[in-house]
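Colleague: Sharing a structure, written as structure tokens. Questions coming.
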Amino acid sequence: MAMEYPNRTVVSHFFLEGLMYTAEHPTLFFVLFFFVYSITVTGNLLILITVGSDSHLRSPMYHFLGHLSFLDACLSTVTVPKVMAGLLTLDGKVISFEGCAVQLYCFHFLASTECFLYTVMAYDRYLAICQPLQYPVTMNRQMCAGLAGVTWAIGAMHSAIHTSLTFYLFYCGPHHIAYFFCDIPPVLKLACADTTINELVMLANIGIVAAGCLILIITSYVFIVASVLRIRTAEGRQRAFSTCTAHLTVVLLYYMPPVCIYLQPRSSGAGAGAPAVFYTIVTPTLNPFIYTLRNKEVKHALRRLLCHGSQESPAGSLPT
């Protein structure tokens, strides 16, 4: 697992120990992960195709939903296939040094982009509910494309910083990663160098980004709730609140596990992988169901796509 160089030893491969308890029943967990992964990719790609092809789903909210579905499908693809490979053979648990760096970069690129996208989606809901008259002008096509582009660009830069800092360190021998994919805390534990600076940068950077996005989301919903409470009819309030519940649900599912992981970087281990399962595997699987089950427009569009029917979406309804 290591290459010999004059005066030093450099790790060339890492060994992913995987998730706790999966080694006891590898076939069962392989089938389970394959089933979940298939649902994740199929569900998110179906949402992406539906949003992109249906003329009734042209509002900014569905534009961002398309980006979210693509991110979820890719985020699951970065981690789950490698987990399944590790369940089949021991060689499947081996990942090259370069492959580990690529996986870490892609994971943080997609995860941070999704974090920024949730913030943009909250801002979109704020404009739609609190400033409905200005909404069509403010959130035009150029604005939507610009906001989406910024989230991807910042996500790429954010991930590049962490990947560079992590793999700039010297790795001299330990190569067993007590995790199911290459993430910053478990990889840093194998470094043959002082990682204090890296951990401080990780906590500060990820903490500021996550806390900043969460504060913006909460602020948006404070204004949204205040605006909704001013609606006189109970039906109007219920319809307005329903536009936000799906988004709030996925935000909670997405934010809670990373807080448990990155605020305790030294606690990584086989058991520490459990929280990461939620936002790498579970949340990407649930998102299509959360948005479709509570969204009449998407359900009608899916029915038109799958059945080639001509049923029209209810007119004048607020996106949910």
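For the structure tokens, the naming scheme is as follows: chains receive sequential letters (A, B, ...) according to their order of presentation, residues are indexed from 1 within each chain, and ligands are indexed from 1 in presentation order.
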Counting only C-alpha atoms, what is within 8 Å of stretch 113-129 of chain A, bar same-chain residues fewer than 4 positions away, as a VMD selection string?
Modeller: chain A and resid 60 to 61 64 68 71 109 134 to 135 139 147 to 148 151 to 152 154 to 156 210 213 to 214 216 to 217 220 to 221 223 to 224 227 to 228 240 243 to 244 247 251
Colleague: For A:Gly52, please output as a VMD selection string all residues within 12 Å (counting only C-alpha atoms; exclusion window: fewer than 2 positions along the same chain).
Modeller: chain A and resid 45 to 50 54 to 60 62 to 67 69 to 70 298 301 to 302 305
Colleague: How many Å lie between atom CA of A:Thr249 and atom CA of A:Leu32, rounded to one decimal?
Modeller: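 So the two atoms, atom CA of A:Thr249 and atom CA of A:Leu32, lie 24.1 Å apart.
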Colleague: Each residue of stretch 135-226 of chain A lying at most 10 Å from stretch 273-289 of chain A should get a row with its shortest atom-to-atom pair and the distance in Å to one decimal, counting only C-alpha atoms; could you produce that, ordered by chain and increasing number, as a tab-separated table?
Modeller:
residue	atom	partner	partner_atom	distance
A:Ala178	CA	A:Gly273	CA	8.5
A:Tyr179	CA	A:Gly273	CA	5.9
A:Phe180	CA	A:Gly273	CA	6.8
A:Phe181	CA	A:Gly273	CA	9.0
A:Asp183	CA	A:Ala276	CA	10.0
A:Pro186	CA	A:Gly273	CA	9.8
Colleague: So that I can check the secondary structure, give me every residue of stretch 20-150 of chain A assigned alpha helix (DSSP H) by backbone DSSP, as a PyMOL selection string.
Modeller: chain A and resi 26-53+60-88+97-130+135-138+141-150
Colleague: Export C-alpha atoms of the chosen residues as a short mmCIF file (atom, residue, chain, number, x, y, z; two decimals), in the first residue's frame?
Modeller:
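Written output follows (result.cif):
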data_model
loop_
_atom_site.label_atom_id
_atom_site.label_comp_id
_atom_site.auth_asym_id
_atom_site.auth_seq_id
_atom_site.Cartn_x
_atom_site.Cartn_y
_atom_site.Cartn_z
CA PRO A 26 -22.47 -8.13 2.81
CA THR A 27 -24.93 -9.62 0.31
CA LEU A 28 -27.94 -8.29 2.16
CA PHE A 29 -26.48 -4.79 2.40
CA PHE A 30 -25.35 -4.88 -1.22
CA VAL A 31 -28.91 -5.59 -2.33
CA LEU A 32 -30.20 -2.89 0.01
CA PHE A 33 -27.75 -0.24 -1.21
CA PHE A 34 -28.34 -1.23 -4.84
CA PHE A 35 -32.09 -0.88 -4.34
CA VAL A 36 -31.76 2.51 -2.61
CA TYR A 37 -29.24 3.78 -5.16
CA SER A 38 -31.47 2.72 -8.06
CA ILE A 39 -34.42 4.58 -6.54
CA THR A 40 -32.25 7.65 -5.91
CA VAL A 41 -30.89 7.90 -9.45
CA THR A 42 -34.20 6.98 -11.13
CA GLY A 43 -36.27 9.33 -8.96
CA ASN A 44 -33.98 12.33 -9.30
CA LEU A 45 -33.41 11.87 -13.02
CA LEU A 46 -37.15 11.50 -13.50
CA ILE A 47 -37.71 14.81 -11.68
CA LEU A 48 -34.94 16.42 -13.72
CA ILE A 49 -36.44 15.22 -17.02
CA THR A 50 -39.93 16.24 -15.95
CA VAL A 51 -38.89 19.75 -14.94
CA GLY A 52 -36.85 20.20 -18.11
CA SER A 53 -39.48 18.92 -20.53
CA PRO A 60 -37.85 29.63 -10.86
CA MET A 61 -38.70 27.14 -8.11
CA TYR A 62 -38.72 24.26 -10.57
CA HIS A 63 -35.54 25.55 -12.19
CA PHE A 64 -33.78 25.20 -8.84
CA LEU A 65 -35.52 21.86 -8.17
CA GLY A 66 -33.92 20.54 -11.36
CA HIS A 67 -30.49 21.56 -10.09
CA LEU A 68 -31.23 19.91 -6.73
CA SER A 69 -32.24 16.64 -8.38
CA PHE A 70 -29.06 16.58 -10.46
CA LEU A 71 -26.94 17.29 -7.36
CA ASP A 72 -28.65 14.53 -5.38
CA ALA A 73 -28.12 11.95 -8.13
CA CYS A 74 -24.44 12.90 -8.42
CA LEU A 75 -23.87 13.09 -4.65
CA SER A 76 -25.16 9.56 -4.19
CA THR A 77 -23.08 8.35 -7.15
CA VAL A 78 -19.88 9.66 -5.57
CA THR A 79 -20.22 7.40 -2.52
CA VAL A 80 -22.70 4.53 -2.93
CA PRO A 81 -21.11 2.56 -5.84
CA LYS A 82 -17.80 2.41 -3.96
CA VAL A 83 -19.61 1.18 -0.85
CA MET A 84 -21.27 -1.56 -2.91
CA ALA A 85 -17.94 -2.54 -4.49
CA GLY A 86 -16.45 -2.89 -1.01
CA LEU A 87 -19.24 -5.26 -0.04
CA LEU A 88 -18.41 -7.60 -2.92
CA PHE A 97 -4.45 8.18 -3.28
CA GLU A 98 -5.52 10.17 -6.35
CA GLY A 99 -8.95 8.51 -6.36
CA CYS A 100 -9.41 9.43 -2.72
CA ALA A 101 -8.58 13.06 -3.51
CA VAL A 102 -11.05 13.07 -6.42
CA GLN A 103 -13.79 11.52 -4.29
CA LEU A 104 -13.23 14.02 -1.49
CA TYR A 105 -13.27 16.94 -3.93
CA CYS A 106 -16.42 15.76 -5.74
CA PHE A 107 -18.23 15.06 -2.50
CA HIS A 108 -17.54 18.48 -0.97
CA PHE A 109 -18.15 20.21 -4.30
CA LEU A 110 -21.61 18.68 -4.63
CA ALA A 111 -22.48 18.91 -0.92
CA SER A 112 -21.47 22.56 -0.57
CA THR A 113 -23.21 23.48 -3.83
CA GLU A 114 -26.38 21.85 -2.50
CA CYS A 115 -25.99 23.83 0.72
CA PHE A 116 -25.85 27.09 -1.24
CA LEU A 117 -28.73 25.98 -3.44
CA TYR A 118 -30.99 25.46 -0.41
CA THR A 119 -30.25 29.05 0.55
CA VAL A 120 -31.15 30.29 -2.93
CA MET A 121 -34.37 28.28 -2.83
CA ALA A 122 -35.29 29.89 0.50
CA TYR A 123 -34.68 33.33 -1.05
CA ASP A 124 -36.89 32.34 -3.98
CA ARG A 125 -39.71 31.37 -1.60
CA TYR A 126 -39.25 34.65 0.27
CA LEU A 127 -39.68 36.68 -2.89
CA ALA A 128 -42.63 34.60 -4.09
CA ILE A 129 -44.59 34.96 -0.84
CA CYS A 130 -43.44 38.27 0.62
CA TYR A 135 -41.31 38.39 -7.98
CA PRO A 136 -41.72 37.86 -11.77
CA VAL A 137 -39.46 40.83 -12.48
CA THR A 138 -36.83 40.15 -9.81
CA ARG A 141 -34.56 33.84 -16.26
CA GLN A 142 -31.22 35.66 -16.14
CA MET A 143 -31.41 35.99 -12.36
CA CYS A 144 -32.18 32.27 -11.95
CA ALA A 145 -29.30 31.25 -14.19
CA GLY A 146 -26.95 33.64 -12.39
CA LEU A 147 -27.89 32.41 -8.91
CA ALA A 148 -27.53 28.78 -9.97
CA GLY A 149 -24.17 29.50 -11.59
CA VAL A 150 -22.89 31.25 -8.48
#
Colleague: Check stretch 26-187 of chain A with DSSP on the backbone and list each residue it calls strand (DSSP E), as number ranges by chain.
Modeller: A: 94-96, 176-177
Colleague: What gap, in Å, lies between atom CA of A:His162 and atom CA of A:Thr22?
Modeller: 29.2 Å
Colleague: Looking at only C-alpha atoms, which of A:Gly18, A:Pro132, A:Pro185, A:Pro174 is the one that sits closest to A:Thr89?
Modeller: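 So, comparing all the options, the nearest one is A:Gly18.
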